[in-house]
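Structure first, then comments.
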Amino acid sequence: MALLTLEGIGKRYRQGEIEVQALQGVDLQVAEGDFAALVGPSGSGKTTLLNIIGGLDAPTQGSVRLNGIELTAMGEAELSDFRLFQLGFIFQAYNLVPVLSALENVELVMVLQGQHRHERRERAEHYLELVGLKAVMHRRPSALSGGQQQRVAVARALAAGPRLVLADEPTANLDSENAFALLDIMHRLSHEEKTTFIFSTHDTRVMERAERIITLRDGRLASDERHERHSA
Amino acid sequence: MSARRSHLPLPLLLMLAWRNIWRHRRRTLITLSSIGIGFGLAVLFIGIGDGSHNSMIRNAIKLGEGHLTVQPDGYQAAPANHKYLAEGQTLQTRLSALGIAGSVEPRISLQVLASTANNSVGAALEGMGAEDDPRVEMLRPQLVEGEWLEAGDHRGILIGDGMASKLKARVGSKVVLMAGKEGGDSQAHLGRVRGVFDSRVDELDDYLVLSDLRFARYFLEGEGADTASEPVTRFAIFLDDPDSMAHWKARIDTALGDNGAVVLDWQEMMPQLVQFIILDDAGNYVFLTLILIMVVFGILNTVLMSVLERTREFGLLRALGISRHHLLWLVFCESLLLSFLAVVIGWLVGGSTHLWFSHHGIDFSALMSGGTQMMGTFMDPVVYTELSRERVVQLTTIVFAATLASGIYPAIKAARVTPVEALRT
């Protein structure tokens, strides 16, 4: 059974006087453990699709089911709780809460989930160690490099134990070395933790790291290919 | 789907709020300083207002009829010489039996015509008893000519400098005091001026004639009173603790029973003074309102700026699973902490200023060359700031509530953030 099922997803919105069809008839299934890249040129609908999968935006038509649960039927509060317990997010930049240290940022979602202090502290430190940042875990984001901040975001996304991690151009602001390092960490953890990753990118070097490449063009699914992952 | 709900514990909420308000340290400090100074000024001005009002009230009570007055029922509405307490001795005994913490002074107040060979003026004859009557304590130092009345002096009178000027009387002059008597006739008694005072209150200096009870009682005798029963027109009661006034008023009221006598407090005896203070307080409240507006906009500016700058961060938090009402509480909590700090700083500034001036006073004599009298009393030219516990609670509550209210709009604005739009910023 697919972890995520999209059926006939369409998204229309108004931009001033113009009506934009961001997505149209997107059907997609994502299995548990997939490490999938969502690619396509700018304006192809990658971010919109990720937002819909993450319950941050609602489609104007179609259905989104995660683990059999229909997201489009949920109210805002339900979606908020759904994101908290089922999803992990990594954004392009400004991923972290500036007034919290790296450790506190990783712990934040677990605190909101109501996890016990010792358990969440242990998990946070464990994931920060996995991304190689335990030594700097008490630093605030302003004292971390861009690459380090993205690794903290990965640790936060995974430490909370989500079913699915959505990453919107997580490497866009990183140099090649940091981008590859981040993808390697995400890939390794996806296998170790059996977590499903969908990340959007238009960087061809990054695409090479993905095991599945889903291509969007003009809001439609253009291709969906699985291939062997190239190592760095 | 699991029914698990997000949970934002108070310690995390407070920690986030505390750190958020210090993100822009300088902005927060400027806001807090302006609120603190504004609040401090409000405390000082209210303290001066209360200090001057209390000074007027204390002087009015001492110069007038005490904290509480026992007098014939109906006298306040229509004073007349025939309205007196015939059984003064009995009432005095009954009041003494209550064990009032303070002093009970018998008084005889009469409307008379004071005449000399040169002039005649309407006057209020006030017969007083004990040497330690607070009115004696107030007026004795204001004696500008002659000597104070000796106990049992049944002819001696004291007049104000205003009346002395009108009557062209001086120490040793004879003044005839005339009043009505029982049956519609008139009666007259000769008084001799023993001294002239300048109370600093024109109403007293122009109108008041002081005498011993014995002299004033001649007039009551003419009204048909039995002097053996020691008739008086009122008892002025001076309490050691003014806050106990309501307690003693109730007890005296019960003790008097249905005896033709009533007990009134100073507010009932001097309604004009109360009105004046209310009006003057209104001016202070206008000032306080201006301060509050400054405080509200200070907090609103700081919190709203902070909210607008963090739109993307709110989007991130919403994406991570923080609910709208948690965001609302977070921003509201920031306002709460700012309000708390503002009140603390305000009290540090205002409280210390008040403490200083409550001990050292502010000398307004240079500004009050025209005199400090008003409403039949006067204000001491050196004003010591006063703040009652009620005032402290009132000021704190008002400023705290106003600052909290100013955080409502930013909090609602933060809670309305839509994750998708916020993350685009």
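By convention in this document, the chains of the structure tokens carry letters A, B, ... by their order, each chain's residues are numbered from 1, and ligands are numbered from 1 in the order they are shown.
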Determine, counting only C-alpha atoms, which protein, DNA and RNA residues have an atom within 7 Å of an atom of Gly315 (chain B); residues of the same chain fewer than 2 positions away are not included. Present the result as a PyMOL selection string. chain B and resi 311-313+317-319+417-420+422-423
Practice prompt. Within 12 Å of chain A, which residues of chain B are there when counting only C-alpha atoms? Please give them as a PyMOL selection string.
Written response: chain B and resi 1-13+15-24+310-326+416-425
Note to self: Can you pull out every residue from region 226-390 of chain B that DSSP, working from the backbone, puts in helix (DSSP H, G or I), and format the result as a VMD selection string?
What the structure shows: chain B and resid 227 to 229 242 to 256 266 to 269 271 to 309 311 to 320 324 to 360 365 to 367 389 to 390
Requested in this report: Identify all residues of region 228-367 of chain B in strand (DSSP E or B) (DSSP on the backbone) and supply them as a PyMOL selection string.
Outcome: chain B and resi 232+234-239+261-265+362-363
task: Skip His138 (chain A) itself and residues of its chain fewer than 5 positions away, then list as a PyMOL selection string all residues within 12 Å of it, counting only C-alpha atoms.
output: chain A and resi 99-107+124-125+128+133+143-144+152
Can you write out the residues you just picked, keeping N, CA and C atoms, as a PDB file, in the first residue's frame?
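Output saved as out-v6.pdb:
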ATOM      1  N   VAL A  99      15.738  32.281  18.069  1.00  0.00           N
ATOM      2  CA  VAL A  99      15.998  32.470  19.505  1.00  0.00           C
ATOM      3  C   VAL A  99      16.251  31.147  20.233  1.00  0.00           C
ATOM      4  N   LEU A 100      16.234  30.050  19.489  1.00  0.00           N
ATOM      5  CA  LEU A 100      16.502  28.747  20.101  1.00  0.00           C
ATOM      6  C   LEU A 100      17.842  28.215  19.623  1.00  0.00           C
ATOM      7  N   SER A 101      18.517  27.472  20.470  1.00  0.00           N
ATOM      8  CA  SER A 101      19.774  26.854  20.068  1.00  0.00           C
ATOM      9  C   SER A 101      19.468  25.699  19.114  1.00  0.00           C
ATOM     10  N   ALA A 102      20.531  25.143  18.519  1.00  0.00           N
ATOM     11  CA  ALA A 102      20.339  24.008  17.598  1.00  0.00           C
ATOM     12  C   ALA A 102      19.602  22.881  18.327  1.00  0.00           C
ATOM     13  N   LEU A 103      20.035  22.600  19.543  1.00  0.00           N
ATOM     14  CA  LEU A 103      19.406  21.522  20.323  1.00  0.00           C
ATOM     15  C   LEU A 103      17.929  21.835  20.593  1.00  0.00           C
ATOM     16  N   GLU A 104      17.659  23.068  20.989  1.00  0.00           N
ATOM     17  CA  GLU A 104      16.275  23.450  21.283  1.00  0.00           C
ATOM     18  C   GLU A 104      15.411  23.418  20.029  1.00  0.00           C
ATOM     19  N   ASN A 105      16.019  23.794  18.890  1.00  0.00           N
ATOM     20  CA  ASN A 105      15.277  23.724  17.629  1.00  0.00           C
ATOM     21  C   ASN A 105      14.887  22.289  17.307  1.00  0.00           C
ATOM     22  N   VAL A 106      15.825  21.375  17.524  1.00  0.00           N
ATOM     23  CA  VAL A 106      15.526  19.967  17.226  1.00  0.00           C
ATOM     24  C   VAL A 106      14.476  19.446  18.206  1.00  0.00           C
ATOM     25  N   GLU A 107      14.564  19.907  19.432  1.00  0.00           N
ATOM     26  CA  GLU A 107      13.613  19.452  20.455  1.00  0.00           C
ATOM     27  C   GLU A 107      12.215  20.044  20.267  1.00  0.00           C
ATOM     28  N   ALA A 124      17.127  14.217  20.410  1.00  0.00           N
ATOM     29  CA  ALA A 124      17.677  15.413  19.768  1.00  0.00           C
ATOM     30  C   ALA A 124      19.197  15.304  19.670  1.00  0.00           C
ATOM     31  N   GLU A 125      19.813  14.881  20.757  1.00  0.00           N
ATOM     32  CA  GLU A 125      21.275  14.765  20.748  1.00  0.00           C
ATOM     33  C   GLU A 125      21.712  13.681  19.771  1.00  0.00           C
ATOM     34  N   LEU A 128      21.397  15.048  16.262  1.00  0.00           N
ATOM     35  CA  LEU A 128      22.421  16.067  16.008  1.00  0.00           C
ATOM     36  C   LEU A 128      23.785  15.402  15.822  1.00  0.00           C
ATOM     37  N   LEU A 133      26.626  17.471  14.299  1.00  0.00           N
ATOM     38  CA  LEU A 133      26.582  18.813  14.904  1.00  0.00           C
ATOM     39  C   LEU A 133      26.482  18.792  16.425  1.00  0.00           C
ATOM     40  N   ALA A 143      24.928  31.566  14.783  1.00  0.00           N
ATOM     41  CA  ALA A 143      26.327  31.166  14.949  1.00  0.00           C
ATOM     42  C   ALA A 143      26.649  29.905  14.135  1.00  0.00           C
ATOM     43  N   LEU A 144      25.716  29.502  13.281  1.00  0.00           N
ATOM     44  CA  LEU A 144      25.945  28.310  12.449  1.00  0.00           C
ATOM     45  C   LEU A 144      25.995  28.729  10.985  1.00  0.00           C
ATOM     46  N   VAL A 152      20.735  20.944  10.859  1.00  0.00           N
ATOM     47  CA  VAL A 152      19.899  20.998  12.073  1.00  0.00           C
ATOM     48  C   VAL A 152      18.436  20.774  11.681  1.00  0.00           C
TER      49      VAL A 152
END
I want to know what sits within 7 Å of Ile48 (chain B), based on only C-alpha atoms, with residues of the same chain fewer than 5 positions away left out; could you give that as a compact mmCIF listing (two decimals) with N, CA and C atoms, in the first residue's frame?
# COMPACT_ATOMS: atom_id res chain seq x y z
N VAL B 383 4.29 70.12 49.61
CA VAL B 383 3.43 68.95 49.39
C VAL B 383 4.27 67.68 49.46
N TYR B 384 3.84 66.76 50.28
CA TYR B 384 4.48 65.45 50.37
C TYR B 384 3.64 64.48 49.56
N THR B 385 4.28 63.84 48.58
CA THR B 385 3.50 62.94 47.71
C THR B 385 2.93 61.79 48.54
N GLU B 386 1.74 61.40 48.20
CA GLU B 386 1.07 60.30 48.92
C GLU B 386 0.47 59.35 47.90
Would you pick out the contacts of region 113-126 of chain B at 9 Å or less, using only C-alpha atoms, so that residues sharing its chain but fewer than 3 positions from it are not included, and give the list as a PyMOL selection string? chain B and resi 107-110+163+166-169+173-179+204+206-213+216
Restricting the output to N, CA and C atoms, write the selected residues as a JSON list (two decimals), in the first residue's frame.
[["chain", "number", "residue", "atom", "x", "y", "z"],
["B", 107, "ARG", "N", -18.85, 71.22, 70.54],
["B", 107, "ARG", "CA", -18.79, 72.51, 69.83],
["B", 107, "ARG", "C", -20.18, 73.17, 69.88],
["B", 108, "ILE", "N", -20.16, 74.48, 69.88],
["B", 108, "ILE", "CA", -21.42, 75.21, 69.71],
["B", 108, "ILE", "C", -21.23, 76.15, 68.52],
["B", 109, "SER", "N", -21.97, 75.92, 67.48],
["B", 109, "SER", "CA", -21.87, 76.73, 66.26],
["B", 109, "SER", "C", -23.15, 77.54, 66.11],
["B", 110, "LEU", "N", -22.99, 78.85, 66.00],
["B", 110, "LEU", "CA", -24.18, 79.71, 65.93],
["B", 110, "LEU", "C", -23.99, 80.80, 64.88],
["B", 163, "MET", "N", -12.10, 89.96, 59.79],
["B", 163, "MET", "CA", -13.20, 90.53, 60.57],
["B", 163, "MET", "C", -12.72, 91.73, 61.39],
["B", 166, "LYS", "N", -12.74, 94.64, 59.21],
["B", 166, "LYS", "CA", -14.09, 95.14, 58.89],
["B", 166, "LYS", "C", -14.72, 95.84, 60.09],
["B", 167, "LEU", "N", -14.51, 95.27, 61.28],
["B", 167, "LEU", "CA", -15.12, 95.84, 62.49],
["B", 167, "LEU", "C", -14.27, 96.96, 63.09],
["B", 168, "LYS", "N", -13.08, 97.11, 62.49],
["B", 168, "LYS", "CA", -12.09, 98.05, 63.04],
["B", 168, "LYS", "C", -11.89, 97.74, 64.53],
["B", 169, "ALA", "N", -11.75, 96.45, 64.80],
["B", 169, "ALA", "CA", -11.56, 95.99, 66.18],
["B", 169, "ALA", "C", -10.13, 95.53, 66.37],
["B", 173, "SER", "N", -10.88, 95.25, 72.18],
["B", 173, "SER", "CA", -12.12, 95.86, 71.72],
["B", 173, "SER", "C", -13.32, 95.06, 72.20],
["B", 174, "LYS", "N", -14.44, 95.77, 72.34],
["B", 174, "LYS", "CA", -15.68, 95.10, 72.70],
["B", 174, "LYS", "C", -16.45, 94.84, 71.42],
["B", 175, "VAL", "N", -16.98, 93.65, 71.32],
["B", 175, "VAL", "CA", -17.80, 93.27, 70.16],
["B", 175, "VAL", "C", -19.10, 92.71, 70.69],
["B", 176, "VAL", "N", -20.19, 93.24, 70.18],
["B", 176, "VAL", "CA", -21.50, 92.73, 70.60],
["B", 176, "VAL", "C", -21.93, 91.68, 69.60],
["B", 177, "LEU", "N", -22.29, 90.52, 70.14],
["B", 177, "LEU", "CA", -22.77, 89.43, 69.29],
["B", 177, "LEU", "C", -24.27, 89.29, 69.51],
["B", 178, "MET", "N", -25.01, 89.35, 68.41],
["B", 178, "MET", "CA", -26.47, 89.29, 68.51],
["B", 178, "MET", "C", -26.99, 88.07, 67.76],
["B", 179, "ALA", "N", -28.06, 87.49, 68.32],
["B", 179, "ALA", "CA", -28.71, 86.36, 67.66],
["B", 179, "ALA", "C", -30.16, 86.33, 68.08],
["B", 204, "LEU", "N", -12.55, 81.88, 56.93],
["B", 204, "LEU", "CA", -12.43, 81.81, 58.39],
["B", 204, "LEU", "C", -12.06, 83.18, 58.96],
["B", 206, "ASP", "N", -12.61, 86.09, 57.83],
["B", 206, "ASP", "CA", -13.64, 87.12, 57.69],
["B", 206, "ASP", "C", -14.89, 86.81, 58.51],
["B", 207, "TYR", "N", -15.06, 85.56, 58.91],
["B", 207, "TYR", "CA", -16.38, 85.13, 59.36],
["B", 207, "TYR", "C", -16.40, 84.48, 60.74],
["B", 208, "LEU", "N", -15.25, 83.91, 61.14],
["B", 208, "LEU", "CA", -15.24, 83.08, 62.34],
["B", 208, "LEU", "C", -14.95, 83.89, 63.61],
["B", 209, "VAL", "N", -15.79, 83.60, 64.63],
["B", 209, "VAL", "CA", -15.54, 84.15, 65.96],
["B", 209, "VAL", "C", -15.40, 82.95, 66.90],
["B", 210, "LEU", "N", -14.26, 82.85, 67.56],
["B", 210, "LEU", "CA", -14.04, 81.72, 68.47],
["B", 210, "LEU", "C", -14.26, 82.17, 69.90],
["B", 211, "SER", "N", -14.86, 81.26, 70.66],
["B", 211, "SER", "CA", -15.04, 81.59, 72.09],
["B", 211, "SER", "C", -14.98, 80.30, 72.89],
["B", 212, "ASP", "N", -15.02, 80.46, 74.21],
["B", 212, "ASP", "CA", -15.15, 79.30, 75.07],
["B", 212, "ASP", "C", -16.60, 78.80, 74.99],
["B", 213, "LEU", "N", -16.78, 77.53, 75.28],
["B", 213, "LEU", "CA", -18.13, 76.94, 75.24],
["B", 213, "LEU", "C", -19.09, 77.73, 76.12],
["B", 216, "ALA", "N", -20.55, 80.80, 74.40],
["B", 216, "ALA", "CA", -21.50, 80.44, 73.33],
["B", 216, "ALA", "C", -22.79, 79.87, 73.92]]
*Shell around region 27-44 of chain A at 6 Å using only C-alpha atoms, local window under 5 positions removed, as a PyMOL selection string*: chain A and resi 2-8+194-202+210-219
Resulting file, chosen residues, N, CA and C atoms, as a compact mmCIF listing (two decimals), in the first residue's frame:
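Below is the file out_5.txt, written as the result:
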# COMPACT_ATOMS: atom_id res chain seq x y z
N ALA A 2 0.50 2.20 -0.83
CA ALA A 2 1.30 3.43 -0.92
C ALA A 2 1.13 4.26 0.34
N LEU A 3 2.22 4.89 0.73
CA LEU A 3 2.12 5.78 1.89
C LEU A 3 1.32 7.03 1.51
N LEU A 4 1.64 7.53 0.33
CA LEU A 4 0.99 8.77 -0.13
C LEU A 4 0.32 8.53 -1.48
N THR A 5 -0.92 8.96 -1.58
CA THR A 5 -1.63 8.83 -2.85
C THR A 5 -2.26 10.16 -3.23
N LEU A 6 -1.88 10.64 -4.41
CA LEU A 6 -2.50 11.87 -4.94
C LEU A 6 -3.34 11.47 -6.13
N GLU A 7 -4.55 11.97 -6.16
CA GLU A 7 -5.42 11.64 -7.29
C GLU A 7 -6.05 12.91 -7.86
N GLY A 8 -5.74 13.14 -9.11
CA GLY A 8 -6.37 14.26 -9.84
C GLY A 8 -6.17 15.61 -9.20
N LYS A 194 13.97 4.44 7.85
CA LYS A 194 12.83 4.03 7.01
C LYS A 194 11.83 5.18 6.85
N THR A 195 12.39 6.35 6.65
CA THR A 195 11.54 7.54 6.48
C THR A 195 11.47 7.89 5.00
N THR A 196 10.30 8.29 4.57
CA THR A 196 10.09 8.66 3.18
C THR A 196 10.47 10.12 2.98
N PHE A 197 11.21 10.40 1.95
CA PHE A 197 11.63 11.78 1.65
C PHE A 197 11.09 12.19 0.27
N ILE A 198 10.52 13.36 0.21
CA ILE A 198 10.24 13.97 -1.10
C ILE A 198 10.86 15.35 -1.05
N PHE A 199 11.77 15.60 -1.96
CA PHE A 199 12.37 16.93 -1.96
C PHE A 199 12.31 17.53 -3.36
N SER A 200 12.05 18.81 -3.39
CA SER A 200 12.00 19.48 -4.68
C SER A 200 13.36 20.09 -4.98
N THR A 201 13.72 20.09 -6.25
CA THR A 201 14.99 20.69 -6.66
C THR A 201 14.97 20.95 -8.15
N HIS A 202 15.81 21.88 -8.59
CA HIS A 202 16.02 21.98 -10.03
C HIS A 202 17.52 21.93 -10.33
N ALA A 210 18.97 11.22 -6.13
CA ALA A 210 17.64 10.69 -5.83
C ALA A 210 17.45 9.29 -6.40
N GLU A 211 16.59 8.50 -5.79
CA GLU A 211 16.29 7.15 -6.29
C GLU A 211 15.08 7.17 -7.20
N ARG A 212 14.34 8.25 -7.09
CA ARG A 212 13.16 8.38 -7.93
C ARG A 212 13.05 9.85 -8.32
N ILE A 213 12.80 10.09 -9.58
CA ILE A 213 12.70 11.47 -10.04
C ILE A 213 11.31 11.68 -10.64
N ILE A 214 10.59 12.58 -10.02
CA ILE A 214 9.24 12.90 -10.49
C ILE A 214 9.33 14.28 -11.14
N THR A 215 8.99 14.34 -12.39
CA THR A 215 9.15 15.60 -13.11
C THR A 215 7.78 16.26 -13.36
N LEU A 216 7.75 17.53 -13.02
CA LEU A 216 6.54 18.32 -13.27
C LEU A 216 6.85 19.32 -14.38
N ARG A 217 5.87 19.52 -15.24
CA ARG A 217 6.04 20.56 -16.26
C ARG A 217 4.69 21.22 -16.46
N ASP A 218 4.67 22.52 -16.34
CA ASP A 218 3.42 23.30 -16.48
C ASP A 218 2.29 22.75 -15.61
N GLY A 219 2.64 22.32 -14.43
CA GLY A 219 1.63 21.86 -13.48
C GLY A 219 1.15 20.45 -13.71
